[in-house]
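Listing of start-v9.txt; format and content: compact mmCIF, N, CA and C atoms.
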```txt
# COMPACT_ATOMS: atom_id res chain seq x y z
N MET A 17 0.82 -1.18 0.00
CA MET A 17 0.00 0.00 0.00
C MET A 17 0.87 1.25 0.00
N ASP A 18 1.97 1.21 0.72
CA ASP A 18 2.87 2.37 0.73
C ASP A 18 3.38 2.68 -0.67
N ASP A 19 3.79 1.65 -1.38
CA ASP A 19 4.31 1.84 -2.74
C ASP A 19 3.25 2.45 -3.65
N LEU A 20 2.03 1.92 -3.57
CA LEU A 20 0.94 2.46 -4.40
C LEU A 20 0.65 3.91 -4.04
N SER A 21 0.66 4.23 -2.76
CA SER A 21 0.42 5.60 -2.34
C SER A 21 1.52 6.54 -2.83
N LEU A 22 2.74 6.12 -2.70
CA LEU A 22 3.85 6.95 -3.16
C LEU A 22 3.78 7.22 -4.66
N ARG A 23 3.30 6.22 -5.41
CA ARG A 23 3.17 6.38 -6.87
C ARG A 23 1.83 7.01 -7.26
N LYS A 24 1.00 7.35 -6.24
CA LYS A 24 -0.33 7.95 -6.46
C LYS A 24 -1.23 7.07 -7.33
N VAL A 25 -1.14 5.75 -7.10
CA VAL A 25 -1.97 4.77 -7.80
C VAL A 25 -3.19 4.48 -6.92
N PRO A 26 -4.41 4.68 -7.44
CA PRO A 26 -5.60 4.38 -6.64
C PRO A 26 -5.66 2.89 -6.28
N TYR A 27 -6.10 2.61 -5.07
CA TYR A 27 -6.24 1.22 -4.64
C TYR A 27 -7.39 1.11 -3.66
N PHE A 28 -7.84 -0.11 -3.46
CA PHE A 28 -8.91 -0.44 -2.52
C PHE A 28 -8.38 -1.54 -1.63
N PHE A 29 -8.60 -1.43 -0.32
CA PHE A 29 -8.15 -2.51 0.55
C PHE A 29 -9.27 -2.95 1.48
N MET A 30 -9.21 -4.21 1.86
CA MET A 30 -10.17 -4.80 2.80
C MET A 30 -9.38 -5.51 3.89
N ILE A 31 -9.90 -5.42 5.10
CA ILE A 31 -9.29 -6.11 6.24
C ILE A 31 -10.40 -6.93 6.89
N ASP A 32 -10.14 -8.19 7.15
CA ASP A 32 -11.17 -9.01 7.79
C ASP A 32 -11.37 -8.59 9.25
N PHE A 33 -12.43 -9.07 9.83
CA PHE A 33 -12.85 -8.68 11.17
C PHE A 33 -11.74 -8.88 12.21
N LEU A 34 -11.02 -9.96 12.12
CA LEU A 34 -9.97 -10.25 13.10
C LEU A 34 -8.63 -9.64 12.71
N ALA A 35 -8.60 -8.92 11.61
CA ALA A 35 -7.39 -8.26 11.10
C ALA A 35 -6.27 -9.26 10.83
N SER A 36 -6.64 -10.45 10.39
CA SER A 36 -5.63 -11.45 10.08
C SER A 36 -5.32 -11.52 8.58
N GLN A 37 -6.21 -10.94 7.75
CA GLN A 37 -5.99 -10.93 6.31
C GLN A 37 -6.25 -9.54 5.77
N VAL A 38 -5.36 -9.09 4.91
CA VAL A 38 -5.53 -7.80 4.23
C VAL A 38 -5.45 -8.07 2.73
N GLU A 39 -6.43 -7.58 2.00
CA GLU A 39 -6.47 -7.70 0.54
C GLU A 39 -6.31 -6.29 -0.04
N VAL A 40 -5.40 -6.13 -1.00
CA VAL A 40 -5.18 -4.85 -1.65
C VAL A 40 -5.38 -5.04 -3.15
N PHE A 41 -6.23 -4.20 -3.73
CA PHE A 41 -6.54 -4.28 -5.16
C PHE A 41 -6.33 -2.93 -5.82
N GLN A 42 -5.73 -2.95 -7.00
CA GLN A 42 -5.72 -1.76 -7.82
C GLN A 42 -7.05 -1.72 -8.56
N GLU A 43 -7.39 -0.55 -9.07
CA GLU A 43 -8.70 -0.37 -9.71
C GLU A 43 -8.97 -1.42 -10.78
N ASN A 44 -7.98 -1.73 -11.59
CA ASN A 44 -8.18 -2.68 -12.69
C ASN A 44 -8.28 -4.13 -12.20
N GLU A 45 -7.98 -4.41 -10.95
CA GLU A 45 -8.03 -5.77 -10.42
C GLU A 45 -9.34 -6.10 -9.70
N LEU A 46 -10.12 -5.08 -9.40
CA LEU A 46 -11.33 -5.28 -8.59
C LEU A 46 -12.32 -6.24 -9.24
N GLU A 47 -12.72 -5.94 -10.46
CA GLU A 47 -13.75 -6.75 -11.11
C GLU A 47 -13.26 -8.18 -11.36
N ALA A 48 -12.01 -8.33 -11.75
CA ALA A 48 -11.46 -9.67 -11.99
C ALA A 48 -11.48 -10.51 -10.71
N ALA A 49 -11.36 -9.84 -9.56
CA ALA A 49 -11.39 -10.53 -8.28
C ALA A 49 -12.82 -10.72 -7.77
N GLY A 50 -13.80 -10.20 -8.50
CA GLY A 50 -15.19 -10.35 -8.09
C GLY A 50 -15.58 -9.37 -6.99
N VAL A 51 -14.84 -8.28 -6.86
CA VAL A 51 -15.12 -7.29 -5.82
C VAL A 51 -15.82 -6.10 -6.47
N LEU A 52 -17.03 -5.82 -6.02
CA LEU A 52 -17.79 -4.67 -6.51
C LEU A 52 -17.86 -3.63 -5.40
N VAL A 53 -17.52 -2.38 -5.74
CA VAL A 53 -17.57 -1.30 -4.76
C VAL A 53 -18.29 -0.11 -5.37
N ASP A 54 -18.93 0.68 -4.51
CA ASP A 54 -19.59 1.90 -4.95
C ASP A 54 -19.39 2.96 -3.88
N PHE A 55 -18.60 3.97 -4.20
CA PHE A 55 -18.34 5.07 -3.28
C PHE A 55 -19.09 6.33 -3.71
N GLY A 56 -20.30 6.17 -4.19
CA GLY A 56 -21.10 7.32 -4.59
C GLY A 56 -20.52 8.02 -5.80
N ASN A 57 -20.23 9.30 -5.67
CA ASN A 57 -19.76 10.09 -6.80
C ASN A 57 -18.29 9.91 -7.11
N SER A 58 -17.51 9.31 -6.21
CA SER A 58 -16.06 9.24 -6.44
C SER A 58 -15.62 8.02 -7.26
N PHE A 59 -16.22 6.85 -7.05
CA PHE A 59 -15.82 5.66 -7.80
C PHE A 59 -16.89 4.58 -7.66
N SER A 60 -17.13 3.88 -8.76
CA SER A 60 -18.04 2.73 -8.75
C SER A 60 -17.65 1.80 -9.89
N ASN A 61 -17.63 0.52 -9.62
CA ASN A 61 -17.44 -0.47 -10.69
C ASN A 61 -18.63 -1.42 -10.76
N THR A 62 -19.77 -0.98 -10.20
CA THR A 62 -20.95 -1.83 -10.18
C THR A 62 -21.77 -1.74 -11.46
N GLY A 63 -21.61 -0.64 -12.20
CA GLY A 63 -22.39 -0.46 -13.42
C GLY A 63 -23.80 0.04 -13.17
N LYS A 64 -24.16 0.27 -11.91
CA LYS A 64 -25.48 0.80 -11.58
C LYS A 64 -25.39 1.57 -10.27
N GLU A 65 -26.38 2.40 -10.05
CA GLU A 65 -26.41 3.18 -8.81
C GLU A 65 -26.94 2.32 -7.68
N ILE A 66 -26.25 2.32 -6.57
CA ILE A 66 -26.67 1.58 -5.39
C ILE A 66 -27.27 2.59 -4.41
N PRO A 67 -28.51 2.39 -3.96
CA PRO A 67 -29.13 3.37 -3.06
C PRO A 67 -28.40 3.44 -1.71
N SER A 68 -28.41 4.64 -1.13
CA SER A 68 -27.78 4.82 0.18
C SER A 68 -28.62 4.09 1.23
N LEU A 69 -28.07 3.94 2.43
CA LEU A 69 -28.81 3.29 3.51
C LEU A 69 -30.09 4.05 3.82
N GLY A 70 -30.05 5.39 3.80
CA GLY A 70 -31.24 6.19 4.05
C GLY A 70 -32.30 5.97 3.00
N GLN A 71 -31.89 5.86 1.74
CA GLN A 71 -32.85 5.61 0.66
C GLN A 71 -33.48 4.24 0.81
N ARG A 72 -32.68 3.25 1.18
CA ARG A 72 -33.22 1.90 1.34
C ARG A 72 -34.21 1.82 2.51
N ALA A 73 -34.01 2.64 3.52
CA ALA A 73 -34.90 2.63 4.68
C ALA A 73 -36.09 3.56 4.50
N GLY A 74 -36.17 4.23 3.33
CA GLY A 74 -37.28 5.14 3.07
C GLY A 74 -37.14 6.45 3.82
N MET A 75 -35.90 6.83 4.17
CA MET A 75 -35.68 8.02 4.96
C MET A 75 -34.96 9.11 4.17
N GLU A 76 -35.04 9.09 2.84
CA GLU A 76 -34.27 10.02 2.03
C GLU A 76 -34.67 11.48 2.20
N ASN A 77 -35.86 11.77 2.71
CA ASN A 77 -36.31 13.15 2.86
C ASN A 77 -36.10 13.70 4.25
N LEU A 78 -35.50 12.93 5.15
CA LEU A 78 -35.28 13.40 6.51
C LEU A 78 -34.01 14.25 6.57
N SER A 79 -34.02 15.27 7.42
CA SER A 79 -32.84 16.12 7.56
C SER A 79 -32.09 15.77 8.81
```
Once you've parsed the file, please lay out its structure as structure tokens.
Amino acid sequence: MDDLSLRKVPYFFMIDFLASQVEVFQENELEAAGVLVDFGNSFSNTGKEIPSLGQRAGMENLS
């Protein structure tokens, strides 16, 4: 991850609950690994819009 950061290469990482495994993916490796992510307006490889938690709960109009 340090090397990718120093080279300013975007990456995605996952850590399991017990912090015993760390997976690091570059953008082009995500789909091949079967990992779909959606960060709203910044990045998505899902091919569709995923509703926010508020939208799914029917609370999109609450302030």
Fill in: Separation of atom C of Tyr27 of chain A from atom C of Glu43 of chain A in Å
7.7 Å
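Atom N of Ala49 of chain A is found 12.5 Å from atom CA of Thr62 of chain A.
Residues lying at most 6.5 Å from (-5.8, -6.4, -1.9) in file coordinates, with all atoms listed in the file considered, are A:Phe28, A:Phe29, A:Met30, A:Val38, A:Glu39, A:Val40, A:Phe41, A:Gln42.
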Worksheet entry | Length of the atom CA of Glu47 of chain A to atom CA of Val25 of chain A vector [Å] | 16.8 Å
